[in-house]
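First comes the structure, then the notes that go with it.
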Amino acid sequence: MKKLILASAVLMLAAGTASAQEPINRYDIQNMTCNQVHGILASQGAAILRYPAPSGSGRTLYDRYVSSPAVCFAQGGHAVQRVVPTSDTNACPTLSCKPGPPECDDMALGLFYCDDD
C-alpha cells in the first residue's frame, strides 16, 4: 500500500511540475461562468483569476488558482479549496496553493489537499 501511495505521489509531482513551469495567464472572470473558469484551469493547470471584491469596495482581488492539488504538491505546498464569484454564481469552487504541509494532514490523502484552512 505504501508503494502505491509513493508511486501516486511521484506521478502527481511529475504532472504538477510540468504545469508549474509554463507561463501563467491572467483572466478577469466577472463575466465568465463557473464552467468557463473550470475549463481554463483544466486546460492550463493554473491561472491568475481577477474579480471585483464581493464587499463592493471597488477593489479588484486576484490570486493564483490551480486545476489539481498535484500542482501545489510539486511546489512544496498543499491545495486549499476557495470560491470565486462568477457571472452565474457567487461561489464557484476552485483550488489555490498554500506553502508547506497542510495542518489537516491526519491521513495520507491530506498530504495534498485540505477542505479549508
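How things are named: the first chain in the C-alpha cells is A, the next is B, and so on; residues count from 1 in each chain; ligands count from 1 in the order shown.
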Please run DSSP on the backbone and report, as a compact mmCIF listing (two decimals) with all heavy atoms, in the first residue's frame, all residues within region 21-56 of chain A that come out as strand (DSSP E or B).
# COMPACT_ATOMS: atom_id res chain seq x y z
N ASN A 25 -1.33 32.64 -17.31
CA ASN A 25 -2.21 33.65 -17.89
C ASN A 25 -3.08 34.27 -16.81
O ASN A 25 -3.37 33.66 -15.78
CB ASN A 25 -3.09 33.03 -18.98
CG ASN A 25 -2.26 32.64 -20.19
OD1 ASN A 25 -1.41 33.39 -20.63
ND2 ASN A 25 -2.51 31.46 -20.70
N ARG A 26 -3.55 35.48 -17.09
CA ARG A 26 -4.43 36.22 -16.18
C ARG A 26 -5.79 36.41 -16.84
O ARG A 26 -5.86 36.72 -18.02
CB ARG A 26 -3.81 37.57 -15.85
CG ARG A 26 -2.55 37.44 -15.04
CD ARG A 26 -1.75 38.74 -15.06
NE ARG A 26 -0.61 38.69 -14.17
CZ ARG A 26 0.51 38.05 -14.40
NH1 ARG A 26 0.66 37.38 -15.52
NH2 ARG A 26 1.50 38.06 -13.54
N TYR A 27 -6.84 36.26 -16.03
CA TYR A 27 -8.20 36.38 -16.55
C TYR A 27 -9.07 37.22 -15.61
O TYR A 27 -9.05 37.02 -14.40
CB TYR A 27 -8.85 34.99 -16.68
CG TYR A 27 -8.17 34.12 -17.69
CD1 TYR A 27 -7.14 33.27 -17.31
CD2 TYR A 27 -8.52 34.15 -19.03
CE1 TYR A 27 -6.49 32.47 -18.24
CE2 TYR A 27 -7.88 33.36 -19.97
CZ TYR A 27 -6.87 32.52 -19.56
OH TYR A 27 -6.22 31.74 -20.48
N ASP A 28 -9.83 38.15 -16.19
CA ASP A 28 -10.90 38.83 -15.47
C ASP A 28 -12.12 37.92 -15.60
O ASP A 28 -12.59 37.66 -16.71
CB ASP A 28 -11.19 40.20 -16.09
CG ASP A 28 -10.07 41.18 -15.82
OD1 ASP A 28 -9.60 41.23 -14.67
OD2 ASP A 28 -9.66 41.89 -16.75
N ALA A 46 -3.00 26.15 -14.24
CA ALA A 46 -3.02 27.25 -13.27
C ALA A 46 -3.27 28.55 -14.01
O ALA A 46 -2.93 28.70 -15.18
CB ALA A 46 -1.69 27.31 -12.53
N ALA A 47 -3.87 29.50 -13.31
CA ALA A 47 -4.14 30.82 -13.89
C ALA A 47 -4.34 31.83 -12.77
O ALA A 47 -4.73 31.46 -11.66
CB ALA A 47 -5.37 30.79 -14.79
N ILE A 48 -4.06 33.08 -13.07
CA ILE A 48 -4.38 34.18 -12.16
C ILE A 48 -5.81 34.60 -12.49
O ILE A 48 -6.11 34.94 -13.63
CB ILE A 48 -3.44 35.39 -12.35
CG1 ILE A 48 -1.97 34.99 -12.17
CG2 ILE A 48 -3.84 36.53 -11.42
CD1 ILE A 48 -1.56 34.62 -10.78
N LEU A 49 -6.70 34.54 -11.49
CA LEU A 49 -8.08 34.94 -11.68
C LEU A 49 -8.31 36.26 -10.95
O LEU A 49 -7.98 36.39 -9.77
CB LEU A 49 -9.04 33.88 -11.15
CG LEU A 49 -8.88 32.46 -11.72
CD1 LEU A 49 -9.90 31.52 -11.09
CD2 LEU A 49 -9.00 32.47 -13.24
N ARG A 50 -8.88 37.24 -11.67
CA ARG A 50 -9.17 38.56 -11.09
C ARG A 50 -10.67 38.77 -11.08
O ARG A 50 -11.37 38.40 -12.04
CB ARG A 50 -8.51 39.67 -11.91
CG ARG A 50 -7.01 39.59 -11.89
CD ARG A 50 -6.40 40.77 -12.61
NE ARG A 50 -6.73 40.72 -14.04
CZ ARG A 50 -5.92 41.14 -15.00
NH1 ARG A 50 -4.75 41.65 -14.70
NH2 ARG A 50 -6.29 41.07 -16.26
N TYR A 51 -11.16 39.41 -10.00
CA TYR A 51 -12.59 39.65 -9.87
C TYR A 51 -12.82 40.79 -8.89
O TYR A 51 -11.99 41.06 -8.03
CB TYR A 51 -13.32 38.38 -9.41
CG TYR A 51 -12.68 37.73 -8.20
CD1 TYR A 51 -13.09 38.07 -6.91
CD2 TYR A 51 -11.66 36.80 -8.34
CE1 TYR A 51 -12.50 37.50 -5.80
CE2 TYR A 51 -11.06 36.22 -7.24
CZ TYR A 51 -11.48 36.58 -5.97
OH TYR A 51 -10.88 36.01 -4.88
N PRO A 52 -13.98 41.48 -8.99
CA PRO A 52 -14.28 42.56 -8.05
C PRO A 52 -14.50 42.01 -6.64
O PRO A 52 -15.06 40.92 -6.46
CB PRO A 52 -15.58 43.16 -8.59
CG PRO A 52 -15.76 42.61 -9.95
CD PRO A 52 -14.99 41.34 -10.02
Spatial neighbours of Gln44 (chain A), max dist 9 Å, only C-alpha atoms, sep filter under 3 positions, as a VMD selection string: chain A and resid 19 22 24 to 25 39 to 41 47 66 to 67
Selection near Ser68 (chain A), 8 Å with only C-alpha atoms, sequence-local residues under 2 positions removed, as a list of chain:residue names: A:Gly16, A:Gly45, A:Val66, A:Ala70, A:Val71, A:Cys72, A:Ala79, A:Leu95
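Interatomic distance, CA of Tyr65 (chain A) to CA of Ile29 (chain A): 12.1 Å.
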Selected residue, from A:Asp88, A:Glu103, A:Arg82, A:Ser57, that lies nearest to Gln36 (chain A) when counting only C-alpha atoms: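 Of the candidates, the smallest distance to Gln36 (chain A) is held by A:Asp88.
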Point-to-point distance in Å for CA of Gln81 (chain A) and CA of Pro102 (chain A):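 That distance, rounded to one decimal, is 12.1 Å.
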Selected residue, from A:Ala74, A:Ala53, A:Leu61, A:Val37, that lies nearest to Cys97 (chain A) when counting only C-alpha atoms: A:Ala74
Helix (DSSP H, G or I) per DSSP on the backbone: members of region 55-109 of chain A, as a list in words: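 Matching residues for helix (DSSP H, G or I) in region 55-109 of chain A are Pro69, Ala70, Val71, Cys72, Phe73, Ala108 and Leu109 of chain A.
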Would you write out those residues with all heavy atoms, as a tab-separated table (two decimals), in the first residue's frame?
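Contents of part39.tsv, as written:
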chain	number	residue	atom	x	y	z
A	69	PRO	N	-4.57	19.45	-6.86
A	69	PRO	CA	-3.65	19.52	-5.73
A	69	PRO	C	-2.21	19.16	-6.10
A	69	PRO	O	-1.26	19.59	-5.45
A	69	PRO	CB	-4.21	18.51	-4.74
A	69	PRO	CG	-5.65	18.39	-5.08
A	69	PRO	CD	-5.71	18.58	-6.58
A	70	ALA	N	-2.03	18.40	-7.18
A	70	ALA	CA	-0.68	18.00	-7.59
A	70	ALA	C	0.18	19.20	-7.96
A	70	ALA	O	1.40	19.19	-7.76
A	70	ALA	CB	-0.76	17.04	-8.78
A	71	VAL	N	-0.43	20.25	-8.50
A	71	VAL	CA	0.32	21.45	-8.86
A	71	VAL	C	0.94	22.06	-7.60
A	71	VAL	O	2.09	22.46	-7.59
A	71	VAL	CB	-0.59	22.47	-9.59
A	71	VAL	CG1	0.16	23.75	-9.89
A	71	VAL	CG2	-1.16	21.87	-10.86
A	72	CYS	N	0.18	22.11	-6.53
A	72	CYS	CA	0.67	22.66	-5.26
A	72	CYS	C	1.74	21.75	-4.65
A	72	CYS	O	2.77	22.23	-4.18
A	72	CYS	CB	-0.48	22.82	-4.28
A	72	CYS	SG	-1.81	23.86	-4.87
A	73	PHE	N	1.48	20.46	-4.65
A	73	PHE	CA	2.41	19.50	-4.07
A	73	PHE	C	3.77	19.57	-4.76
A	73	PHE	O	4.81	19.50	-4.11
A	73	PHE	CB	1.84	18.08	-4.17
A	73	PHE	CG	2.74	17.03	-3.60
A	73	PHE	CD1	2.94	16.93	-2.24
A	73	PHE	CD2	3.39	16.13	-4.44
A	73	PHE	CE1	3.79	15.97	-1.71
A	73	PHE	CE2	4.23	15.16	-3.92
A	73	PHE	CZ	4.43	15.08	-2.56
A	108	ALA	N	-3.29	9.97	4.82
A	108	ALA	CA	-2.36	10.05	3.68
A	108	ALA	C	-2.84	11.01	2.60
A	108	ALA	O	-2.05	11.75	2.05
A	108	ALA	CB	-2.15	8.66	3.08
A	109	LEU	N	-4.13	11.04	2.30
A	109	LEU	CA	-4.62	11.91	1.24
A	109	LEU	C	-4.57	13.38	1.64
A	109	LEU	O	-4.55	14.26	0.80
A	109	LEU	CB	-6.03	11.52	0.82
A	109	LEU	CG	-6.15	10.15	0.17
A	109	LEU	CD1	-7.60	9.83	-0.14
A	109	LEU	CD2	-5.30	10.06	-1.08
